[in-house]
Each structure stands twice: as structure tokens, then as C-alpha cells.
$ cat my_file18.csv   # CSV, N, CA and C atoms
chain,number,residue,atom,x,y,z
A,190,MET,N,-20.7,99.8,225.1
A,190,MET,CA,-21.3,100.6,226.2
A,190,MET,C,-22.8,100.4,226.2
A,191,CYS,N,-23.3,100.2,227.3
A,191,CYS,CA,-24.8,100.0,227.5
A,191,CYS,C,-25.5,101.2,228.1
A,192,LEU,N,-24.8,102.3,228.3
A,192,LEU,CA,-25.4,103.5,228.9
A,192,LEU,C,-26.2,104.2,227.8
A,193,ASN,N,-27.2,104.9,228.3
A,193,ASN,CA,-28.0,105.7,227.3
A,193,ASN,C,-27.4,107.0,227.0
A,194,SER,N,-28.0,107.7,226.1
A,194,SER,CA,-27.4,109.0,225.6
A,194,SER,C,-27.5,110.1,226.7
A,195,ILE,N,-28.3,110.0,227.7
A,195,ILE,CA,-28.4,111.0,228.7
A,195,ILE,C,-27.3,110.7,229.8
A,196,GLN,N,-27.0,109.4,230.1
A,196,GLN,CA,-26.1,109.0,231.1
A,196,GLN,C,-24.6,109.4,230.7
A,197,VAL,N,-24.3,109.2,229.5
A,197,VAL,CA,-22.9,109.4,229.1
A,197,VAL,C,-22.4,110.8,229.4
A,198,PRO,N,-23.1,111.9,229.0
A,198,PRO,CA,-22.6,113.2,229.3
A,198,PRO,C,-22.6,113.5,230.9
A,199,ILE,N,-23.5,112.8,231.6
A,199,ILE,CA,-23.5,113.0,233.1
A,199,ILE,C,-22.1,112.4,233.6
A,200,PHE,N,-21.7,111.3,233.1
A,200,PHE,CA,-20.5,110.7,233.6
A,200,PHE,C,-19.3,111.5,233.2
A,201,LYS,N,-19.4,112.1,232.0
A,201,LYS,CA,-18.3,113.0,231.6
A,201,LYS,C,-18.2,114.2,232.5
A,202,LYS,N,-19.3,114.7,232.9
A,202,LYS,CA,-19.3,115.9,233.8
A,202,LYS,C,-18.8,115.5,235.2
A,203,PHE,N,-19.2,114.3,235.7
A,203,PHE,CA,-18.7,113.9,237.0
A,203,PHE,C,-17.2,113.8,236.9
A,204,SER,N,-16.7,113.2,235.9
A,204,SER,CA,-15.2,113.0,235.8
A,204,SER,C,-14.5,114.3,235.7
A,205,LYS,N,-15.0,115.2,234.9
A,205,LYS,CA,-14.4,116.5,234.8
A,205,LYS,C,-14.4,117.3,236.1
A,206,ALA,N,-15.4,117.1,236.9
A,206,ALA,CA,-15.5,117.8,238.2
A,206,ALA,C,-14.4,117.2,239.1
A,207,MET,N,-14.0,116.0,238.9
A,207,MET,CA,-13.0,115.4,239.8
A,207,MET,C,-11.6,115.4,239.1
A,208,ASN,N,-11.5,116.1,238.0
A,208,ASN,CA,-10.2,116.3,237.3
A,208,ASN,C,-9.6,114.9,236.9
A,209,LEU,N,-10.5,114.0,236.4
A,209,LEU,CA,-10.1,112.7,236.0
A,209,LEU,C,-10.6,112.5,234.6
A,210,ASP,N,-9.9,111.6,233.8
A,210,ASP,CA,-10.5,111.2,232.6
A,210,ASP,C,-11.7,110.2,232.9
A,211,VAL,N,-12.6,110.0,232.0
A,211,VAL,CA,-13.8,109.2,232.4
A,211,VAL,C,-13.5,107.8,232.9
A,212,ASP,N,-12.6,107.1,232.2
A,212,ASP,CA,-12.3,105.8,232.6
A,212,ASP,C,-11.6,105.7,234.0
A,213,SER,N,-10.7,106.7,234.3
A,213,SER,CA,-10.1,106.7,235.6
A,213,SER,C,-11.1,107.0,236.7
A,214,TYR,N,-12.1,107.9,236.4
A,214,TYR,CA,-13.2,108.2,237.3
A,214,TYR,C,-14.0,106.9,237.6
A,215,ILE,N,-14.4,106.2,236.5
A,215,ILE,CA,-15.1,105.0,236.7
A,215,ILE,C,-14.4,104.0,237.6
A,216,TYR,N,-13.1,103.8,237.3
A,216,TYR,CA,-12.3,102.9,238.1
A,216,TYR,C,-12.2,103.3,239.5
A,217,GLU,N,-12.0,104.6,239.8
A,217,GLU,CA,-11.8,105.1,241.1
A,217,GLU,C,-13.1,105.0,242.0
A,218,TYR,N,-14.2,105.3,241.4
A,218,TYR,CA,-15.4,105.4,242.2
A,218,TYR,C,-16.5,104.4,242.0
A,219,SER,N,-16.3,103.4,241.1
A,219,SER,CA,-17.4,102.4,240.8
A,219,SER,C,-17.7,101.6,242.1
A,220,LEU,N,-16.7,101.2,242.8
A,220,LEU,CA,-16.9,100.4,244.0
A,220,LEU,C,-17.8,101.1,245.0
A,221,GLU,N,-17.5,102.4,245.2
A,221,GLU,CA,-18.3,103.2,246.1
A,221,GLU,C,-19.7,103.4,245.7
A,222,PHE,N,-20.0,103.6,244.4
A,222,PHE,CA,-21.3,103.9,244.0
A,222,PHE,C,-22.2,102.7,243.5
A,223,ILE,N,-21.5,101.7,243.0
A,223,ILE,CA,-22.4,100.6,242.6
A,223,ILE,C,-21.9,99.2,243.2
A,224,GLY,N,-20.9,99.2,244.0
A,224,GLY,CA,-20.6,98.0,244.7
A,224,GLY,C,-19.7,97.0,244.0
A,225,VAL,N,-19.4,97.3,242.8
A,225,VAL,CA,-18.5,96.5,242.0
A,225,VAL,C,-17.5,97.3,241.2
A,226,ARG,N,-16.3,96.8,241.0
A,226,ARG,CA,-15.2,97.5,240.4
A,226,ARG,C,-15.5,97.5,238.8
A,227,ARG,N,-15.5,98.6,238.2
A,227,ARG,CA,-15.5,98.7,236.8
A,227,ARG,C,-14.3,99.5,236.3
A,228,ASN,N,-13.8,99.1,235.2
A,228,ASN,CA,-12.5,99.8,234.7
A,228,ASN,C,-12.8,100.9,233.7
A,229,ALA,N,-13.9,100.9,233.1
A,229,ALA,CA,-14.1,101.9,232.0
A,229,ALA,C,-15.6,102.1,231.8
A,230,LEU,N,-15.9,103.2,231.2
A,230,LEU,CA,-17.3,103.6,231.0
A,230,LEU,C,-18.0,102.6,230.2
A,231,GLU,N,-17.4,101.9,229.2
A,231,GLU,CA,-18.0,100.9,228.4
A,231,GLU,C,-18.4,99.7,229.2
A,232,GLU,N,-17.9,99.5,230.4
A,232,GLU,CA,-18.3,98.4,231.2
A,232,GLU,C,-19.6,98.6,232.0
A,233,LEU,N,-20.1,99.8,232.1
A,233,LEU,CA,-21.3,100.1,232.9
A,233,LEU,C,-22.5,99.7,232.1
A,234,SER,N,-23.4,99.1,232.8
A,234,SER,CA,-24.8,98.8,232.3
A,234,SER,C,-25.6,100.1,232.5
A,235,GLU,N,-26.7,100.1,231.8
A,235,GLU,CA,-27.7,101.3,232.0
A,235,GLU,C,-28.2,101.3,233.4
A,236,GLN,N,-28.5,100.1,234.0
A,236,GLN,CA,-29.0,100.0,235.3
A,236,GLN,C,-27.9,100.5,236.3
A,237,GLU,N,-26.7,100.1,236.1
A,237,GLU,CA,-25.6,100.6,237.0
A,237,GLU,C,-25.5,102.1,236.9
A,238,GLY,N,-25.6,102.6,235.7
A,238,GLY,CA,-25.5,104.0,235.5
A,238,GLY,C,-26.6,104.8,236.3
A,239,ASP,N,-27.8,104.2,236.2
A,239,ASP,CA,-29.0,104.8,237.0
A,239,ASP,C,-28.7,104.8,238.5
A,240,VAL,N,-28.2,103.7,239.0
A,240,VAL,CA,-27.9,103.6,240.4
A,240,VAL,C,-26.9,104.6,240.8
A,241,TRP,N,-25.8,104.7,240.0
A,241,TRP,CA,-24.7,105.6,240.3
A,241,TRP,C,-25.2,107.0,240.3
A,242,ILE,N,-25.9,107.4,239.3
A,242,ILE,CA,-26.4,108.8,239.1
A,242,ILE,C,-27.3,109.2,240.3
A,243,ASN,N,-28.2,108.3,240.6
A,243,ASN,CA,-29.1,108.5,241.7
A,243,ASN,C,-28.4,108.7,243.0
A,244,LYS,N,-27.4,107.8,243.3
A,244,LYS,CA,-26.7,107.9,244.5
A,244,LYS,C,-25.9,109.2,244.6
A,245,ALA,N,-25.2,109.6,243.4
A,245,ALA,CA,-24.5,110.8,243.4
A,245,ALA,C,-25.4,112.0,243.6
A,246,TYR,N,-26.6,112.0,243.1
A,246,TYR,CA,-27.5,113.1,243.3
A,246,TYR,C,-27.9,113.2,244.8
A,247,VAL,N,-28.3,112.1,245.4
A,247,VAL,CA,-28.6,112.0,246.8
A,247,VAL,C,-27.5,112.5,247.7
A,248,ASP,N,-26.3,112.1,247.4
A,248,ASP,CA,-25.1,112.5,248.1
A,248,ASP,C,-24.9,114.0,247.9
A,249,SER,N,-25.2,114.6,246.8
A,249,SER,CA,-25.0,116.0,246.6
A,249,SER,C,-26.0,116.8,247.4
A,250,LEU,N,-27.1,116.3,247.7
A,250,LEU,CA,-28.1,117.0,248.5
A,250,LEU,C,-27.6,117.1,250.0
A,251,LYS,N,-26.7,116.3,250.4
A,251,LYS,CA,-26.2,116.4,251.8
A,251,LYS,C,-25.4,117.7,252.0
A,252,ASP,N,-24.9,118.2,250.9
A,252,ASP,CA,-24.1,119.4,250.9
A,252,ASP,C,-24.9,120.7,250.8
A,253,VAL,N,-26.2,120.6,250.6
A,253,VAL,CA,-27.1,121.7,250.3
A,253,VAL,C,-27.6,122.2,251.7
A,254,ASP,N,-27.5,123.5,252.0
A,254,ASP,CA,-28.0,124.1,253.2
A,254,ASP,C,-29.4,124.5,252.9
A,255,LEU,N,-30.4,123.9,253.4
A,255,LEU,CA,-31.8,124.2,253.2
A,255,LEU,C,-32.3,125.3,254.1
A,256,GLY,N,-31.5,125.7,255.0
A,256,GLY,CA,-31.9,126.7,256.0
A,256,GLY,C,-32.9,126.3,257.0
A,257,CYS,N,-33.0,125.0,257.2
A,257,CYS,CA,-34.0,124.5,258.2
A,257,CYS,C,-33.4,124.4,259.6
$ encode --input "my_file18.csv" --output "C-alpha cells"
Amino acid sequence: MCLNSIQVPIFKKFSKAMNLDVDSYIYEYSLEFIGVRRNALEELSEQEGDVWINKAYVDSLKDVDLGC
């Protein structure tokens, strides 16, 4: 696994929120978030993890009502 120690718990939290084990979550959503299919957490690079986390964060802001 090439992810850093901050990224790993984030992916565990993402998978838990989707009621999936981590590897199933990676398989299910990797194409959407990083544009390539990955089968397991161990297959993600640190850079792919950064791209994924950033995109997930931006996507989460779409659901926030800023009252504007």
C-alpha cells in the first residue's frame, strides 16, 4: 500500500459510510473518482488517494446549503 497514514483512515471512513468493506468500496468507486479501476486499498497510490479524497470533499460540498 502506498497511501499515507492520514489517507488510510479516511478511506475506511468512506467505506463505512457506504456500508462496504474497504476493498469493495475501492472496487466500486475507483473508476468514478480516479478514472481507473482498482480492486483493493493496497493498489492505490498516494497521488490517487489525494485525487480521490479531494474529489470526494468537493462533491460533499454540493450537498451543503450555504443559505445564499
$ residues_around --input "my_file18.csv" --residues "A:Arg227" --least-positions-apart "5" --cutoff "6 Å" --atoms "all atoms listed in the file" --output "list in words"
Ile215, Tyr216, Ser219 and Leu220 of chain A
$ residues_around --input "my_file18.csv" --residues "A:Val211" --least-positions-apart "2" --cutoff "9 Å" --atoms "only C-alpha atoms" --output "list in words"
Phe200, Lys201, Lys202, Phe203, Ser204, Lys205, Leu209, Ser213, Tyr214, Ile215, Tyr216, Ala229 and Leu230 of chain A
$ closest_residue --input "my_file18.csv" --among "A:Lys244, A:Phe222, A:Asp252, A:Ser234" --to "A:Leu192" --atoms "all atoms listed in the file"
A:Ser234
$ select_by_dssp --input "my_file18.csv" --residues "chain A" --states "alpha helix (DSSP H)" --output "PyMOL selection string"
chain A and resi 196-206+211-223+235-250
$ closest_residue --input "my_file18.csv" --among "A:Glu217, A:Glu232, A:Asp239, A:Asp248" --to "A:Ile195" --atoms "only C-alpha atoms"
A:Asp239
$ closest_residue --input "my_file18.csv" --among "A:Ser194, A:Ser249, A:Asp212, A:Met207" --to "A:Asn228" --atoms "only N, CA and C atoms"
A:Asp212
$ residues_around --input "my_file18.csv" --residues "A:Gln236" --least-positions-apart "6" --cutoff "8 Å" --atoms "all atoms listed in the file" --output "list of chain:residue names"
A:Cys191, A:Leu192, A:Asn193, A:Ile242
$ closest_residue --input "my_file18.csv" --among "A:Val225, A:Leu250, A:Tyr218, A:Gln196" --to "A:Gly238" --atoms "all atoms listed in the file"
A:Gln196
$ atom_distance --input "my_file18.csv" --atom1 "atom CA of A:Ile223" --atom2 "atom CA of A:Trp241"
6.0 Å
$ build_atoms --input "my_file18.csv" --residues "stretch 192-203 of chain A" --atoms "all heavy atoms" --output "PDB file, in the coordinates of the input"
ATOM      1  N   LEU A 192     -24.800 102.300 228.300  1.00  0.00           N
ATOM      2  CA  LEU A 192     -25.400 103.500 228.900  1.00  0.00           C
ATOM      3  C   LEU A 192     -26.200 104.200 227.800  1.00  0.00           C
ATOM      4  O   LEU A 192     -25.995 104.054 226.649  1.00  0.00           O
ATOM      5  CB  LEU A 192     -24.329 104.464 229.406  1.00  0.00           C
ATOM      6  CG  LEU A 192     -23.441 103.967 230.540  1.00  0.00           C
ATOM      7  CD1 LEU A 192     -22.374 105.003 230.853  1.00  0.00           C
ATOM      8  CD2 LEU A 192     -24.243 103.645 231.770  1.00  0.00           C
ATOM      9  N   ASN A 193     -27.200 104.900 228.300  1.00  0.00           N
ATOM     10  CA  ASN A 193     -28.000 105.700 227.300  1.00  0.00           C
ATOM     11  C   ASN A 193     -27.400 107.000 227.000  1.00  0.00           C
ATOM     12  O   ASN A 193     -26.474 107.441 227.690  1.00  0.00           O
ATOM     13  CB  ASN A 193     -29.513 105.733 227.802  1.00  0.00           C
ATOM     14  CG  ASN A 193     -29.695 106.553 229.049  1.00  0.00           C
ATOM     15  OD1 ASN A 193     -29.163 107.646 229.189  1.00  0.00           O
ATOM     16  ND2 ASN A 193     -30.470 106.013 229.986  1.00  0.00           N
ATOM     17  N   SER A 194     -28.000 107.700 226.100  1.00  0.00           N
ATOM     18  CA  SER A 194     -27.400 109.000 225.600  1.00  0.00           C
ATOM     19  C   SER A 194     -27.500 110.100 226.700  1.00  0.00           C
ATOM     20  O   SER A 194     -26.825 111.113 226.520  1.00  0.00           O
ATOM     21  CB  SER A 194     -28.132 109.427 224.336  1.00  0.00           C
ATOM     22  OG  SER A 194     -29.520 109.638 224.575  1.00  0.00           O
ATOM     23  N   ILE A 195     -28.300 110.000 227.700  1.00  0.00           N
ATOM     24  CA  ILE A 195     -28.400 111.000 228.700  1.00  0.00           C
ATOM     25  C   ILE A 195     -27.300 110.700 229.800  1.00  0.00           C
ATOM     26  O   ILE A 195     -26.708 111.607 230.343  1.00  0.00           O
ATOM     27  CB  ILE A 195     -29.790 110.965 229.388  1.00  0.00           C
ATOM     28  CG1 ILE A 195     -30.814 111.425 228.357  1.00  0.00           C
ATOM     29  CG2 ILE A 195     -29.834 111.838 230.633  1.00  0.00           C
ATOM     30  CD1 ILE A 195     -32.245 111.253 228.780  1.00  0.00           C
ATOM     31  N   GLN A 196     -27.000 109.400 230.100  1.00  0.00           N
ATOM     32  CA  GLN A 196     -26.100 109.000 231.100  1.00  0.00           C
ATOM     33  C   GLN A 196     -24.600 109.400 230.700  1.00  0.00           C
ATOM     34  O   GLN A 196     -23.876 109.827 231.584  1.00  0.00           O
ATOM     35  CB  GLN A 196     -26.189 107.549 231.375  1.00  0.00           C
ATOM     36  CG  GLN A 196     -27.486 107.137 232.025  1.00  0.00           C
ATOM     37  CD  GLN A 196     -27.639 105.633 232.081  1.00  0.00           C
ATOM     38  OE1 GLN A 196     -27.286 104.935 231.131  1.00  0.00           O
ATOM     39  NE2 GLN A 196     -28.161 105.138 233.199  1.00  0.00           N
ATOM     40  N   VAL A 197     -24.300 109.200 229.500  1.00  0.00           N
ATOM     41  CA  VAL A 197     -22.900 109.400 229.100  1.00  0.00           C
ATOM     42  C   VAL A 197     -22.400 110.800 229.400  1.00  0.00           C
ATOM     43  O   VAL A 197     -21.341 110.991 230.014  1.00  0.00           O
ATOM     44  CB  VAL A 197     -22.689 109.068 227.563  1.00  0.00           C
ATOM     45  CG1 VAL A 197     -21.297 109.445 227.100  1.00  0.00           C
ATOM     46  CG2 VAL A 197     -22.953 107.582 227.337  1.00  0.00           C
ATOM     47  N   PRO A 198     -23.100 111.900 229.000  1.00  0.00           N
ATOM     48  CA  PRO A 198     -22.600 113.200 229.300  1.00  0.00           C
ATOM     49  C   PRO A 198     -22.600 113.500 230.900  1.00  0.00           C
ATOM     50  O   PRO A 198     -21.755 114.256 231.334  1.00  0.00           O
ATOM     51  CB  PRO A 198     -23.613 114.193 228.673  1.00  0.00           C
ATOM     52  CG  PRO A 198     -24.514 113.386 227.834  1.00  0.00           C
ATOM     53  CD  PRO A 198     -24.288 111.954 228.137  1.00  0.00           C
ATOM     54  N   ILE A 199     -23.500 112.800 231.600  1.00  0.00           N
ATOM     55  CA  ILE A 199     -23.500 113.000 233.100  1.00  0.00           C
ATOM     56  C   ILE A 199     -22.100 112.400 233.600  1.00  0.00           C
ATOM     57  O   ILE A 199     -21.487 113.073 234.444  1.00  0.00           O
ATOM     58  CB  ILE A 199     -24.681 112.322 233.697  1.00  0.00           C
ATOM     59  CG1 ILE A 199     -25.949 113.085 233.308  1.00  0.00           C
ATOM     60  CG2 ILE A 199     -24.526 112.239 235.218  1.00  0.00           C
ATOM     61  CD1 ILE A 199     -27.250 112.398 233.694  1.00  0.00           C
ATOM     62  N   PHE A 200     -21.700 111.300 233.100  1.00  0.00           N
ATOM     63  CA  PHE A 200     -20.500 110.700 233.600  1.00  0.00           C
ATOM     64  C   PHE A 200     -19.300 111.500 233.200  1.00  0.00           C
ATOM     65  O   PHE A 200     -18.301 111.647 233.908  1.00  0.00           O
ATOM     66  CB  PHE A 200     -20.342 109.227 233.180  1.00  0.00           C
ATOM     67  CG  PHE A 200     -21.101 108.299 234.080  1.00  0.00           C
ATOM     68  CD1 PHE A 200     -22.349 107.830 233.718  1.00  0.00           C
ATOM     69  CD2 PHE A 200     -20.590 107.935 235.308  1.00  0.00           C
ATOM     70  CE1 PHE A 200     -23.070 106.995 234.557  1.00  0.00           C
ATOM     71  CE2 PHE A 200     -21.305 107.100 236.164  1.00  0.00           C
ATOM     72  CZ  PHE A 200     -22.551 106.627 235.784  1.00  0.00           C
ATOM     73  N   LYS A 201     -19.400 112.100 232.000  1.00  0.00           N
ATOM     74  CA  LYS A 201     -18.300 113.000 231.600  1.00  0.00           C
ATOM     75  C   LYS A 201     -18.200 114.200 232.500  1.00  0.00           C
ATOM     76  O   LYS A 201     -17.099 114.674 232.795  1.00  0.00           O
ATOM     77  CB  LYS A 201     -18.485 113.384 230.098  1.00  0.00           C
ATOM     78  CG  LYS A 201     -18.231 112.229 229.157  1.00  0.00           C
ATOM     79  CD  LYS A 201     -18.432 112.614 227.715  1.00  0.00           C
ATOM     80  CE  LYS A 201     -18.152 111.416 226.803  1.00  0.00           C
ATOM     81  NZ  LYS A 201     -18.331 111.745 225.384  1.00  0.00           N
ATOM     82  N   LYS A 202     -19.300 114.700 232.900  1.00  0.00           N
ATOM     83  CA  LYS A 202     -19.300 115.900 233.800  1.00  0.00           C
ATOM     84  C   LYS A 202     -18.800 115.500 235.200  1.00  0.00           C
ATOM     85  O   LYS A 202     -18.050 116.257 235.757  1.00  0.00           O
ATOM     86  CB  LYS A 202     -20.766 116.449 233.879  1.00  0.00           C
ATOM     87  CG  LYS A 202     -20.841 117.728 234.652  1.00  0.00           C
ATOM     88  CD  LYS A 202     -22.210 118.359 234.554  1.00  0.00           C
ATOM     89  CE  LYS A 202     -22.197 119.695 235.270  1.00  0.00           C
ATOM     90  NZ  LYS A 202     -23.424 120.439 235.075  1.00  0.00           N
ATOM     91  N   PHE A 203     -19.200 114.300 235.700  1.00  0.00           N
ATOM     92  CA  PHE A 203     -18.700 113.900 237.000  1.00  0.00           C
ATOM     93  C   PHE A 203     -17.200 113.800 236.900  1.00  0.00           C
ATOM     94  O   PHE A 203     -16.520 114.212 237.844  1.00  0.00           O
ATOM     95  CB  PHE A 203     -19.279 112.481 237.296  1.00  0.00           C
ATOM     96  CG  PHE A 203     -20.718 112.427 237.728  1.00  0.00           C
ATOM     97  CD1 PHE A 203     -21.376 111.206 237.742  1.00  0.00           C
ATOM     98  CD2 PHE A 203     -21.422 113.548 238.112  1.00  0.00           C
ATOM     99  CE1 PHE A 203     -22.699 111.110 238.152  1.00  0.00           C
ATOM    100  CE2 PHE A 203     -22.752 113.466 238.519  1.00  0.00           C
ATOM    101  CZ  PHE A 203     -23.381 112.239 238.533  1.00  0.00           C
TER     102      PHE A 203
END
